[in-house]
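Novice: Can you keep this structure in mind? I'll have questions shortly.
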Protein chains: 2
Amino acid sequence: MTQQTRKDEIIKTAAKLFKEKGYNAVTMRDLATAMGMKAASLYNHIKSKQEILKEIIISLAEEFTNGMDAIYNSENSNIDKLKQIVAMHVNITACNTNQMASLNSDWMHLEDQLDYYLQLRNDYEANFIKIINQGIRASEIKQSNPEVIMFSMLSTLRSLYLWIPKKEDLNANDLANSLSEVLIHGINK
Amino acid sequence: MTQQTRKDEIIKTAAKLFKEKGYNAVTMRDLATAMGMKAASLYNHIKSKQEILKEIIISLAEEFTNGMDAIYNSENSNIDKLKQIVAMHVNITACNTNQMASLNSDWMHLEDQLDYYLQLRNDYEANFIKIINQGIRASEIKQSNPEVIMFSMLSTLRSLYLWIPKKEDLNANDLANSLSEVLIHGINK
DNA sequence: TCTCTAAACTAACAAGTGTTAGTTGAATTA
DNA sequence: TAATTCAACTAACACTTGTTAGTTTAGAGA
């Protein structure tokens with residue numbers, strides 16, 4: 001139990017450093033200093049640097065996968081499903097800004113788990129685009145390139161981690177709502 | 001002249017490698033192998049690894065700054081200015097996909113030029129948001145949070161480098177148009 | 001009190017890092 | 001032809017990297 005807590009602290013601290021400089025630019029000595037210990041002591045709690053990255057990225061990716069599955073299989077309109085996806089990204093990102101930076105920028109440094117991660121991401125995007133296609137077929141969504149729509153939404157949602165920390169005044173609900181408004185209804189009068 | 005060409009080849013090759021693995025994960029020996037030479041030989045053409053990164057990022061950043069200044073000072077409606085910004089991002093990104101990856105992911109590894117880069121980026125965003133605010137005041141753009149609008153557009157535009165290489169069939173004009181449509185008019189019917 | 005264990009430490013290693021010095025052969029210029 | 005320059009090379013450097021081995025210290029449970 002204490003073990004778990006200490007390990008979690010290390011991972012959390014690592015995520016913060018990874019966000020600032022990227023996985024490869026952060027050394028185990030950097031991480032140790034930030035934890036107030038020596039580099040070798042880290043290995044009482046973690047197996048390797050690589051394991052830290054894996055813990056950060058895979059658990060988050062699985063959270064997104066589970067959320068997407070729930071939304072995909074729900075009974076809402078397709079536009080509402082898209083709104084739920086926006087809300088999910090805002091919520092997960094608000095609670096895990098540092099980890100989201102690794103998910104977005106350092107996934108390519110996964111080794112053993114790289115294929116698994118890519119599979120989760122592909123499945124996620126496949127579900128996303130299916131929702132868009134269903135929305136177009138049901139005339140909820142304009143007849144335009146579904147990939148452009150997904151790309152545009154997903155780019156914005158994946159960049160949230162850069163932006164949420166600067167806007168702590170805005171609460172998650174308000175942000176999700178105005179984001180949905182802009183992404184779905186556009187900006188022009 | 002030959003010197004210039006060879007140096008440019010190195011920078012171009014470096015950009016490709018940086019895109020795949022990030023600045024810190026690419027060694028001078030990796031770059032040399034990709035160029036078909038030994039690491040030490042690179043230094044006949046470039047001053048340092050850091051110089052390569054600087055050449056890639058700063059020239060691109062200045063291109064965006066110049067483009068933005070021209071658009072900002074033009075006589076079009078604010079909505080049209082936004083469309084021109086979209087087109088500029090598509091065009092610059094289409095010609096520089098690899099370099100754009102460094103601009104987006106490795107700017108924090110700039111050393112001497114970091115402050116200059118950040119200044120260019122801040123100025124760019126300041127002009128962007130001024131256009132949005134003018135558009136709102138002129139009733140061309142919906143009354144909603146200008147920062148949310150900019151964030152959403154800019155996130156999409158900054159991610160283009162990830163997506164354009166996968167869609168070589170789509171020409172730059174068509175892409176700019178459908179992107180403008182989605183970003184400005186939204187996706188719902 | 002004695003034992004065990006968690007969690008820190010010091011010291012070190014082998015591999016890899018960016019970079020420099022000095023050299024060589026081919027091409028270009030005088 | 002002789003001199004110079006270009007652009008590659010080999011060899012090596014000082015330093016940093018992730019990681020391991022073995023040791024120490026403090027607290028918990030018997």
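Each chain in the structure tokens gets a letter, A, B, ..., in the order shown, and its residues are numbered from 1; ligands are numbered from 1 in order too.
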With 9 Å as the cut-off and only C-alpha atoms counted, what is the closest atom pair between each nearby residue of chain A and chain B? Distances in Å to one decimal, ordered by chain and number, as a Markdown table.
Specialist:
| residue | atom | partner | partner_atom | distance |
| --- | --- | --- | --- | --- |
| A:Glu20 | CA | B:Met108 | CA | 8.0 |
| A:Lys21 | CA | B:Met108 | CA | 6.9 |
| A:Gly22 | CA | B:Asn24 | CA | 8.6 |
| A:Tyr23 | CA | B:Asn24 | CA | 9.0 |
| A:Asn24 | CA | B:Asn24 | CA | 6.0 |
| A:Ala25 | CA | B:Asn24 | CA | 6.3 |
| A:Ile79 | CA | B:Asn188 | CA | 7.8 |
| A:Ser105 | CA | B:Ser105 | CA | 7.3 |
| A:Asp106 | CA | B:Gly22 | CA | 8.8 |
| A:Met108 | CA | B:Lys21 | CA | 6.9 |
| A:His109 | CA | B:Lys21 | CA | 7.6 |
| A:Ser139 | CA | B:Lys189 | CA | 7.1 |
| A:Glu140 | CA | B:Lys189 | CA | 5.9 |
| A:Ile141 | CA | B:Asn188 | CA | 4.4 |
| A:Lys142 | CA | B:Lys189 | CA | 5.2 |
| A:Gln143 | CA | B:Ile187 | CA | 8.5 |
| A:Ser144 | CA | B:Ser178 | CA | 7.6 |
| A:Asn145 | CA | B:Ser178 | CA | 7.6 |
| A:Val148 | CA | B:Leu179 | CA | 6.8 |
| A:Ile149 | CA | B:Val182 | CA | 6.7 |
| A:Phe151 | CA | B:Thr156 | CA | 7.5 |
| A:Ser152 | CA | B:Thr156 | CA | 5.3 |
| A:Met153 | CA | B:Thr156 | CA | 7.6 |
| A:Leu154 | CA | B:Thr156 | CA | 8.1 |
| A:Ser155 | CA | B:Thr156 | CA | 5.0 |
| A:Thr156 | CA | B:Ser155 | CA | 5.0 |
| A:Leu157 | CA | B:Ser152 | CA | 8.4 |
| A:Arg158 | CA | B:Ser155 | CA | 8.3 |
| A:Ser159 | CA | B:Ser155 | CA | 6.1 |
| A:Leu160 | CA | B:Ser155 | CA | 8.6 |
| A:Trp163 | CA | B:Phe151 | CA | 7.8 |
| A:Leu175 | CA | B:Val148 | CA | 8.4 |
| A:Ser178 | CA | B:Val148 | CA | 7.4 |
| A:Leu179 | CA | B:Val148 | CA | 6.8 |
| A:Glu181 | CA | B:Gly186 | CA | 8.7 |
| A:Val182 | CA | B:Ile149 | CA | 6.8 |
| A:Leu183 | CA | B:Gly186 | CA | 6.1 |
| A:Ile184 | CA | B:Gly186 | CA | 4.9 |
| A:His185 | CA | B:Gly186 | CA | 4.3 |
| A:Gly186 | CA | B:Gly186 | CA | 3.5 |
| A:Ile187 | CA | B:Ile184 | CA | 5.2 |
| A:Asn188 | CA | B:Ile141 | CA | 4.4 |
| A:Lys189 | CA | B:Lys142 | CA | 5.1 |
Novice: Go ahead and save the residues from that selection, with N, CA and C atoms, as a compact mmCIF listing (two decimals), in the first residue's frame.
Specialist:
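What ended up in selection-v7.txt:
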# COMPACT_ATOMS: atom_id res chain seq x y z
N GLU A 20 6.87 19.07 -19.53
CA GLU A 20 7.70 20.25 -19.79
C GLU A 20 8.79 20.01 -20.84
N LYS A 21 9.43 18.84 -20.75
CA LYS A 21 10.60 18.63 -21.60
C LYS A 21 10.50 17.41 -22.53
N GLY A 22 9.51 16.61 -22.36
CA GLY A 22 9.40 15.40 -23.16
C GLY A 22 10.13 14.24 -22.51
N TYR A 23 9.68 13.03 -22.80
CA TYR A 23 10.20 11.81 -22.17
C TYR A 23 11.71 11.71 -22.26
N ASN A 24 12.27 11.90 -23.47
CA ASN A 24 13.70 11.67 -23.66
C ASN A 24 14.58 12.72 -22.99
N ALA A 25 14.05 13.89 -22.78
CA ALA A 25 14.87 14.96 -22.21
C ALA A 25 14.87 14.91 -20.68
N ILE A 79 -25.53 13.62 -32.73
CA ILE A 79 -25.01 14.92 -32.28
C ILE A 79 -24.78 14.89 -30.78
N SER A 105 2.29 13.36 -26.83
CA SER A 105 3.61 13.68 -27.38
C SER A 105 4.64 12.56 -27.28
N ASP A 106 4.43 11.63 -26.36
CA ASP A 106 5.47 10.64 -26.13
C ASP A 106 5.05 9.20 -26.39
N MET A 108 5.08 7.56 -29.00
CA MET A 108 5.99 6.84 -29.91
C MET A 108 7.20 6.27 -29.18
N HIS A 109 7.42 6.65 -27.94
CA HIS A 109 8.53 6.09 -27.18
C HIS A 109 8.13 4.88 -26.36
N SER A 139 -29.12 12.58 -41.31
CA SER A 139 -29.34 14.01 -41.59
C SER A 139 -29.22 14.90 -40.35
N GLU A 140 -28.49 14.42 -39.35
CA GLU A 140 -28.21 15.31 -38.22
C GLU A 140 -26.99 16.18 -38.52
N ILE A 141 -26.14 15.63 -39.37
CA ILE A 141 -24.86 16.29 -39.66
C ILE A 141 -24.78 16.59 -41.15
N LYS A 142 -24.18 17.77 -41.45
CA LYS A 142 -24.00 18.18 -42.83
C LYS A 142 -23.29 17.12 -43.67
N GLN A 143 -23.64 17.10 -44.93
CA GLN A 143 -22.97 16.23 -45.89
C GLN A 143 -21.59 16.81 -46.22
N SER A 144 -20.60 16.51 -45.36
CA SER A 144 -19.24 16.92 -45.75
C SER A 144 -18.28 15.81 -45.36
N ASN A 145 -17.02 15.97 -45.70
CA ASN A 145 -16.03 14.91 -45.48
C ASN A 145 -15.94 14.49 -44.00
N VAL A 148 -12.58 14.99 -42.34
CA VAL A 148 -12.26 16.37 -41.99
C VAL A 148 -12.93 16.74 -40.67
N ILE A 149 -14.18 16.31 -40.52
CA ILE A 149 -14.90 16.60 -39.28
C ILE A 149 -14.19 15.96 -38.09
N PHE A 151 -11.11 14.89 -37.85
CA PHE A 151 -9.78 15.46 -37.65
C PHE A 151 -9.86 16.78 -36.91
N SER A 152 -10.79 17.60 -37.32
CA SER A 152 -10.92 18.92 -36.72
C SER A 152 -11.33 18.82 -35.25
N MET A 153 -12.31 17.97 -34.95
CA MET A 153 -12.74 17.83 -33.56
C MET A 153 -11.63 17.23 -32.71
N LEU A 154 -11.05 16.17 -33.22
CA LEU A 154 -10.06 15.43 -32.44
C LEU A 154 -8.80 16.26 -32.19
N SER A 155 -8.41 17.07 -33.16
CA SER A 155 -7.24 17.93 -32.96
C SER A 155 -7.48 18.88 -31.80
N THR A 156 -8.66 19.46 -31.80
CA THR A 156 -8.99 20.38 -30.72
C THR A 156 -9.02 19.65 -29.37
N LEU A 157 -9.67 18.51 -29.36
CA LEU A 157 -9.81 17.79 -28.08
C LEU A 157 -8.47 17.29 -27.57
N ARG A 158 -7.61 16.90 -28.49
CA ARG A 158 -6.29 16.38 -28.06
C ARG A 158 -5.37 17.49 -27.60
N SER A 159 -5.69 18.73 -27.95
CA SER A 159 -4.83 19.84 -27.53
C SER A 159 -5.29 20.46 -26.23
N LEU A 160 -6.41 19.97 -25.71
CA LEU A 160 -6.97 20.58 -24.50
C LEU A 160 -5.99 20.67 -23.35
N TRP A 163 -4.24 23.82 -22.81
CA TRP A 163 -5.02 25.03 -22.66
C TRP A 163 -5.76 25.10 -21.33
N LEU A 175 -16.82 24.88 -20.04
CA LEU A 175 -15.89 24.70 -21.14
C LEU A 175 -16.41 23.68 -22.15
N SER A 178 -19.24 25.38 -24.24
CA SER A 178 -18.88 26.34 -25.29
C SER A 178 -18.05 25.67 -26.38
N LEU A 179 -17.30 24.66 -26.00
CA LEU A 179 -16.54 23.93 -27.00
C LEU A 179 -17.48 23.17 -27.94
N GLU A 181 -20.50 23.95 -28.61
CA GLU A 181 -21.16 24.98 -29.42
C GLU A 181 -20.29 25.36 -30.62
N VAL A 182 -19.04 25.68 -30.34
CA VAL A 182 -18.14 26.12 -31.41
C VAL A 182 -17.89 24.99 -32.41
N LEU A 183 -17.62 23.79 -31.89
CA LEU A 183 -17.26 22.69 -32.79
C LEU A 183 -18.45 22.22 -33.62
N ILE A 184 -19.63 22.27 -33.07
CA ILE A 184 -20.79 21.70 -33.78
C ILE A 184 -21.55 22.76 -34.57
N HIS A 185 -21.75 23.93 -33.97
CA HIS A 185 -22.55 24.94 -34.67
C HIS A 185 -21.73 25.99 -35.40
N GLY A 186 -20.42 25.94 -35.24
CA GLY A 186 -19.60 26.91 -35.96
C GLY A 186 -19.54 28.25 -35.25
N ILE A 187 -18.94 29.21 -35.92
CA ILE A 187 -18.69 30.48 -35.26
C ILE A 187 -19.34 31.67 -35.95
N ASN A 188 -19.82 31.45 -37.17
CA ASN A 188 -20.33 32.63 -37.89
C ASN A 188 -21.81 32.85 -37.60
N LYS A 189 -22.24 34.10 -37.71
CA LYS A 189 -23.63 34.44 -37.43
C LYS A 189 -24.53 34.13 -38.60
Novice: Could you pull out the residues in stretch 27-174 of chain A that DSSP calls alpha helix (DSSP H) from the backbone, as a PyMOL selection string?
Specialist: chain A and resi 28-35+39-42+49-72+78-95+97-105+114-137+146-158+160-163+172-174
Novice: Would you put the residues from that selection into a file with C-alpha atoms, as a compact mmCIF listing (two decimals), in the first residue's frame?
Specialist:
# COMPACT_ATOMS: atom_id res chain seq x y z
CA MET A 28 16.20 9.58 -13.99
CA ARG A 29 18.42 12.01 -12.09
CA ASP A 30 16.04 14.87 -12.94
CA LEU A 31 13.15 12.78 -11.71
CA ALA A 32 15.00 11.78 -8.54
CA THR A 33 15.86 15.39 -7.75
CA ALA A 34 12.23 16.38 -8.19
CA MET A 35 11.30 13.58 -5.78
CA ALA A 39 18.27 8.17 -8.94
CA ALA A 40 19.07 4.67 -7.77
CA SER A 41 16.40 4.92 -5.06
CA LEU A 42 13.70 5.23 -7.70
CA LYS A 49 11.94 4.44 -16.94
CA GLN A 50 9.96 2.76 -19.68
CA GLU A 51 7.51 1.36 -17.14
CA ILE A 52 6.70 4.88 -15.97
CA LEU A 53 5.77 5.94 -19.48
CA LYS A 54 3.66 2.84 -19.94
CA GLU A 55 1.75 3.42 -16.70
CA ILE A 56 1.01 6.99 -17.68
CA ILE A 57 -0.13 6.36 -21.22
CA ILE A 58 -1.85 2.99 -21.21
CA SER A 59 -4.15 3.64 -18.27
CA LEU A 60 -5.31 6.89 -19.86
CA ALA A 61 -5.78 5.32 -23.26
CA GLU A 62 -7.92 2.60 -21.72
CA GLU A 63 -10.01 5.22 -19.96
CA PHE A 64 -10.76 6.85 -23.30
CA THR A 65 -11.55 3.51 -24.87
CA ASN A 66 -14.03 2.64 -22.15
CA GLY A 67 -15.66 6.05 -22.35
CA MET A 68 -16.00 5.82 -26.11
CA ASP A 69 -17.55 2.35 -25.90
CA ALA A 70 -20.17 3.58 -23.46
CA ILE A 71 -21.02 6.56 -25.64
CA TYR A 72 -21.05 4.57 -28.84
CA ASN A 78 -25.41 11.20 -32.96
CA ILE A 79 -25.01 14.92 -32.28
CA ASP A 80 -25.51 14.20 -28.60
CA LYS A 81 -22.92 11.46 -28.77
CA LEU A 82 -20.46 13.97 -30.17
CA LYS A 83 -21.28 16.33 -27.33
CA GLN A 84 -20.65 13.52 -24.88
CA ILE A 85 -17.28 12.86 -26.47
CA VAL A 86 -16.38 16.51 -26.03
CA ALA A 87 -17.44 16.40 -22.39
CA MET A 88 -15.44 13.22 -21.83
CA HIS A 89 -12.27 14.77 -23.23
CA VAL A 90 -12.72 17.88 -21.11
CA ASN A 91 -13.27 15.85 -17.96
CA ILE A 92 -10.46 13.37 -18.41
CA THR A 93 -8.07 16.12 -19.46
CA ALA A 94 -9.00 18.38 -16.56
CA CYS A 95 -8.02 15.63 -14.10
CA THR A 97 -3.31 17.43 -17.75
CA ASN A 98 0.26 16.24 -17.32
CA GLN A 99 -0.48 12.67 -18.27
CA MET A 100 -2.32 13.88 -21.37
CA ALA A 101 0.85 15.59 -22.54
CA SER A 102 2.65 12.24 -22.54
CA LEU A 103 -0.26 10.54 -24.26
CA ASN A 104 -0.11 13.11 -27.04
CA SER A 105 3.61 13.68 -27.38
CA LEU A 114 3.35 0.50 -28.66
CA ASP A 115 1.26 -1.89 -30.74
CA TYR A 116 -1.38 -2.16 -28.05
CA TYR A 117 -1.58 1.62 -27.78
CA LEU A 118 -1.94 2.01 -31.55
CA GLN A 119 -4.69 -0.56 -31.57
CA LEU A 120 -6.62 1.33 -28.88
CA ARG A 121 -6.20 4.56 -30.80
CA ASN A 122 -7.31 3.06 -34.09
CA ASP A 123 -10.39 1.54 -32.51
CA TYR A 124 -11.21 4.85 -30.88
CA GLU A 125 -11.00 6.73 -34.14
CA ALA A 126 -13.01 4.06 -35.96
CA ASN A 127 -15.86 4.46 -33.49
CA PHE A 128 -15.63 8.23 -33.71
CA ILE A 129 -15.98 8.21 -37.47
CA LYS A 130 -18.82 5.70 -37.35
CA ILE A 131 -20.79 8.09 -35.18
CA ILE A 132 -20.15 10.89 -37.66
CA ASN A 133 -21.22 8.72 -40.60
CA GLN A 134 -24.38 7.66 -38.82
CA GLY A 135 -25.08 11.33 -38.10
CA ILE A 136 -24.71 12.20 -41.76
CA ARG A 137 -26.96 9.32 -42.83
CA PRO A 146 -16.35 12.80 -42.28
CA GLU A 147 -12.60 12.60 -41.92
CA VAL A 148 -12.26 16.37 -41.99
CA ILE A 149 -14.90 16.60 -39.28
CA MET A 150 -13.21 14.02 -37.08
CA PHE A 151 -9.78 15.46 -37.65
CA SER A 152 -10.92 18.92 -36.72
CA MET A 153 -12.74 17.83 -33.56
CA LEU A 154 -10.06 15.43 -32.44
CA SER A 155 -7.24 17.93 -32.96
CA THR A 156 -8.99 20.38 -30.72
CA LEU A 157 -9.81 17.79 -28.08
CA ARG A 158 -6.29 16.38 -28.06
CA LEU A 160 -6.97 20.58 -24.50
CA TYR A 161 -4.19 19.65 -22.12
CA LEU A 162 -2.24 22.68 -23.32
CA TRP A 163 -5.02 25.03 -22.66
CA ALA A 172 -15.32 21.86 -16.85
CA ASN A 173 -19.01 22.03 -17.64
CA ASP A 174 -18.93 25.53 -19.09
Novice: Between atom C1' of D:DT10 and atom CA of B:Lys38, what distance in Å does the model show, to one decimal?
Specialist: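 Spanning atom C1' of D:DT10 to atom CA of B:Lys38 is a straight-line distance of 10.0 Å.
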Novice: Find the spatial neighbours of C:DA26, counting only C-alpha atoms (C1' of nucleotides), within a cut-off of 12 Å - ignore same-chain residues fewer than 3 positions away - and output them as a list in words.
Specialist: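 Surrounding residues, per the criterion: DT5, DC6, DA7 and DA8 of chain D.
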Novice: Next, the residues of the selection above should be written as an mmCIF file, in the first residue's frame with all heavy atoms.
Specialist:
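For reference, part-v4.cif as written:
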data_model
loop_
_atom_site.group_PDB
_atom_site.id
_atom_site.type_symbol
_atom_site.label_atom_id
_atom_site.label_comp_id
_atom_site.auth_asym_id
_atom_site.auth_seq_id
_atom_site.Cartn_x
_atom_site.Cartn_y
_atom_site.Cartn_z
ATOM 1 P P DT D 5 42.226 28.056 -49.794
ATOM 2 O OP1 DT D 5 41.791 29.469 -49.796
ATOM 3 O OP2 DT D 5 42.980 27.496 -48.660
ATOM 4 O "O5'" DT D 5 40.937 27.151 -50.060
ATOM 5 C "C5'" DT D 5 40.313 27.221 -51.336
ATOM 6 C "C4'" DT D 5 39.393 26.021 -51.514
ATOM 7 O "O4'" DT D 5 40.168 24.817 -51.777
ATOM 8 C "C3'" DT D 5 38.526 25.714 -50.274
ATOM 9 O "O3'" DT D 5 37.199 25.551 -50.719
ATOM 10 C "C2'" DT D 5 39.128 24.426 -49.733
ATOM 11 C "C1'" DT D 5 39.590 23.761 -51.040
ATOM 12 N N1 DT D 5 40.628 22.699 -50.909
ATOM 13 C C2 DT D 5 40.446 21.509 -51.580
ATOM 14 O O2 DT D 5 39.470 21.278 -52.268
ATOM 15 N N3 DT D 5 41.463 20.597 -51.417
ATOM 16 C C4 DT D 5 42.607 20.759 -50.675
ATOM 17 O O4 DT D 5 43.449 19.867 -50.608
ATOM 18 C C5 DT D 5 42.732 22.023 -49.996
ATOM 19 C C7 DT D 5 43.943 22.308 -49.157
ATOM 20 C C6 DT D 5 41.754 22.931 -50.139
ATOM 21 P P DC D 6 35.963 25.682 -49.679
ATOM 22 O OP1 DC D 6 35.083 26.789 -50.093
ATOM 23 O OP2 DC D 6 36.499 25.628 -48.297
ATOM 24 O "O5'" DC D 6 35.209 24.322 -49.992
ATOM 25 C "C5'" DC D 6 35.133 23.868 -51.346
ATOM 26 C "C4'" DC D 6 34.805 22.380 -51.370
ATOM 27 O "O4'" DC D 6 36.003 21.601 -51.177
ATOM 28 C "C3'" DC D 6 33.820 21.961 -50.276
ATOM 29 O "O3'" DC D 6 32.786 21.230 -50.921
ATOM 30 C "C2'" DC D 6 34.656 21.095 -49.331
ATOM 31 C "C1'" DC D 6 35.753 20.563 -50.247
ATOM 32 N N1 DC D 6 37.080 20.269 -49.622
ATOM 33 C C2 DC D 6 37.717 19.062 -49.922
ATOM 34 O O2 DC D 6 37.164 18.253 -50.680
ATOM 35 N N3 DC D 6 38.937 18.807 -49.380
ATOM 36 C C4 DC D 6 39.508 19.695 -48.572
ATOM 37 N N4 DC D 6 40.716 19.408 -48.062
ATOM 38 C C5 DC D 6 38.878 20.938 -48.258
ATOM 39 C C6 DC D 6 37.671 21.181 -48.797
ATOM 40 P P DA D 7 31.417 20.886 -50.123
ATOM 41 O OP1 DA D 7 30.319 20.794 -51.094
ATOM 42 O OP2 DA D 7 31.329 21.802 -48.970
ATOM 43 O "O5'" DA D 7 31.732 19.419 -49.592
ATOM 44 C "C5'" DA D 7 32.050 18.403 -50.524
ATOM 45 C "C4'" DA D 7 32.497 17.181 -49.780
ATOM 46 O "O4'" DA D 7 33.844 17.380 -49.288
ATOM 47 C "C3'" DA D 7 31.643 16.861 -48.553
ATOM 48 O "O3'" DA D 7 31.384 15.473 -48.535
ATOM 49 C "C2'" DA D 7 32.530 17.261 -47.389
ATOM 50 C "C1'" DA D 7 33.892 16.911 -47.960
ATOM 51 N N9 DA D 7 35.025 17.523 -47.281
ATOM 52 C C8 DA D 7 35.082 18.726 -46.645
ATOM 53 N N7 DA D 7 36.248 19.000 -46.111
ATOM 54 C C5 DA D 7 37.027 17.903 -46.429
ATOM 55 C C6 DA D 7 38.358 17.574 -46.155
ATOM 56 N N6 DA D 7 39.188 18.345 -45.477
ATOM 57 N N1 DA D 7 38.809 16.380 -46.625
ATOM 58 C C2 DA D 7 37.972 15.586 -47.302
ATOM 59 N N3 DA D 7 36.694 15.802 -47.621
ATOM 60 C C4 DA D 7 36.281 16.982 -47.149
ATOM 61 P P DA D 8 30.097 14.905 -47.760
ATOM 62 O OP1 DA D 8 29.176 14.384 -48.774
ATOM 63 O OP2 DA D 8 29.669 15.957 -46.828
ATOM 64 O "O5'" DA D 8 30.688 13.730 -46.843
ATOM 65 C "C5'" DA D 8 31.016 12.491 -47.380
ATOM 66 C "C4'" DA D 8 32.443 12.082 -47.098
ATOM 67 O "O4'" DA D 8 33.336 13.211 -47.045
ATOM 68 C "C3'" DA D 8 32.715 11.408 -45.757
ATOM 69 O "O3'" DA D 8 32.255 10.080 -45.763
ATOM 70 C "C2'" DA D 8 34.244 11.452 -45.744
ATOM 71 C "C1'" DA D 8 34.548 12.772 -46.445
ATOM 72 N N9 DA D 8 35.029 13.823 -45.545
ATOM 73 C C8 DA D 8 34.350 14.923 -45.115
ATOM 74 N N7 DA D 8 35.057 15.715 -44.336
ATOM 75 C C5 DA D 8 36.293 15.091 -44.237
ATOM 76 C C6 DA D 8 37.487 15.415 -43.559
ATOM 77 N N6 DA D 8 37.624 16.518 -42.812
ATOM 78 N N1 DA D 8 38.522 14.556 -43.683
ATOM 79 C C2 DA D 8 38.379 13.455 -44.432
ATOM 80 N N3 DA D 8 37.307 13.056 -45.128
ATOM 81 C C4 DA D 8 36.287 13.918 -44.979
#
Novice: Could you write out as a ChimeraX atom specification the residues of chain C within 10 Å of chain A, counting only C-alpha atoms (C1' of nucleotides)?
Specialist: /C:6-10
Novice: If you keep N, CA, C and O atoms (P, O5', C5', C4', C3', O3' and C1' of nucleotides), can you produce a file of those selected residues as a PDB file, in the first residue's frame?
Specialist:
ATOM      1  P    DA C   6       8.799  -5.043   2.156  1.00  0.00           P
ATOM      2  O5'  DA C   6       8.474  -3.490   2.087  1.00  0.00           O
ATOM      3  C5'  DA C   6       7.923  -2.847   3.234  1.00  0.00           C
ATOM      4  C4'  DA C   6       8.488  -1.437   3.358  1.00  0.00           C
ATOM      5  C3'  DA C   6       8.712  -0.730   2.027  1.00  0.00           C
ATOM      6  O3'  DA C   6       8.210   0.590   2.167  1.00  0.00           O
ATOM      7  C1'  DA C   6      10.741  -0.768   3.247  1.00  0.00           C
ATOM      8  P    DA C   7       8.170   1.548   0.925  1.00  0.00           P
ATOM      9  O5'  DA C   7       9.542   2.344   1.036  1.00  0.00           O
ATOM     10  C5'  DA C   7       9.809   3.115   2.185  1.00  0.00           C
ATOM     11  C4'  DA C   7      11.195   3.684   2.069  1.00  0.00           C
ATOM     12  C3'  DA C   7      11.526   4.246   0.675  1.00  0.00           C
ATOM     13  O3'  DA C   7      12.163   5.488   0.811  1.00  0.00           O
ATOM     14  C1'  DA C   7      13.193   2.768   1.363  1.00  0.00           C
ATOM     15  P    DA C   8      12.108   6.548  -0.393  1.00  0.00           P
ATOM     16  O5'  DA C   8      13.656   6.940  -0.604  1.00  0.00           O
ATOM     17  C5'  DA C   8      14.268   7.862   0.236  1.00  0.00           C
ATOM     18  C4'  DA C   8      15.551   7.320   0.849  1.00  0.00           C
ATOM     19  C3'  DA C   8      16.834   7.462   0.014  1.00  0.00           C
ATOM     20  O3'  DA C   8      17.314   8.781   0.049  1.00  0.00           O
ATOM     21  C1'  DA C   8      16.803   5.431   1.260  1.00  0.00           C
ATOM     22  P    DC C   9      18.331   9.286  -1.019  1.00  0.00           P
ATOM     23  O5'  DC C   9      19.655   8.473  -0.647  1.00  0.00           O
ATOM     24  C5'  DC C   9      20.347   8.815   0.549  1.00  0.00           C
ATOM     25  C4'  DC C   9      21.459   7.813   0.793  1.00  0.00           C
ATOM     26  C3'  DC C   9      22.575   7.842  -0.248  1.00  0.00           C
ATOM     27  O3'  DC C   9      23.578   8.743   0.158  1.00  0.00           O
ATOM     28  C1'  DC C   9      21.912   5.581   0.259  1.00  0.00           C
ATOM     29  P    DT C  10      24.568   9.397  -0.912  1.00  0.00           P
ATOM     30  O5'  DT C  10      25.736   8.325  -1.091  1.00  0.00           O
ATOM     31  C5'  DT C  10      26.362   7.735   0.043  1.00  0.00           C
ATOM     32  C4'  DT C  10      27.342   6.673  -0.427  1.00  0.00           C
ATOM     33  C3'  DT C  10      28.287   7.125  -1.538  1.00  0.00           C
ATOM     34  O3'  DT C  10      29.586   6.604  -1.271  1.00  0.00           O
ATOM     35  C1'  DT C  10      27.047   5.239  -2.269  1.00  0.00           C
TER      36       DT C  10
END
Novice: With only C-alpha atoms (C1' of nucleotides) as the atoms that count, which of D:DG29, D:DG18, D:DT4, D:DC9 lies nearest to C:DC13?
Specialist: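 Closest to C:DC13, using only C-alpha atoms (C1' of nucleotides): D:DG18.
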Novice: Per residue of chain D within 12 Å of chain A, what are the shortest atom pair and its distance in Å to one decimal, counting only C-alpha atoms (C1' of nucleotides), with rows by chain and residue number, as JSON lines?
Specialist:
{"residue": "D:DT16", "atom": "C1'", "partner": "A:Thr27", "partner_atom": "CA", "distance": 9.4}
{"residue": "D:DT17", "atom": "C1'", "partner": "A:Thr27", "partner_atom": "CA", "distance": 7.6}
{"residue": "D:DG18", "atom": "C1'", "partner": "A:Met28", "partner_atom": "CA", "distance": 7.4}
{"residue": "D:DT19", "atom": "C1'", "partner": "A:Ala40", "partner_atom": "CA", "distance": 7.9}
{"residue": "D:DT20", "atom": "C1'", "partner": "A:Ala40", "partner_atom": "CA", "distance": 8.8}
{"residue": "D:DA21", "atom": "C1'", "partner": "A:Ala40", "partner_atom": "CA", "distance": 10.8}
Novice: When you look at D:DA14 with a cut-off of 12 Å (counting only C-alpha atoms (C1' of nucleotides)), what residues show up, excluding the ones that are within fewer than 6 positions of it in the same chain? I need them as a ChimeraX atom specification.
Specialist: /C:17-20
Novice: Write out, as a compact mmCIF listing (two decimals), in the first residue's frame, the residues just selected, with C-alpha atoms (C1' of nucleotides).
Specialist:
# COMPACT_ATOMS: atom_id res chain seq x y z
C1' DT C 17 26.05 11.26 -26.33
C1' DG C 18 27.62 15.64 -29.02
C1' DT C 19 31.67 17.27 -30.54
C1' DT C 20 36.79 18.15 -31.81
Novice: What gap, in Å, lies between atom CA of A:Thr5 and atom CA of A:Leu17?
Specialist: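 Atom-to-atom, atom CA of A:Thr5 to atom CA of A:Leu17, that is 18.6 Å.
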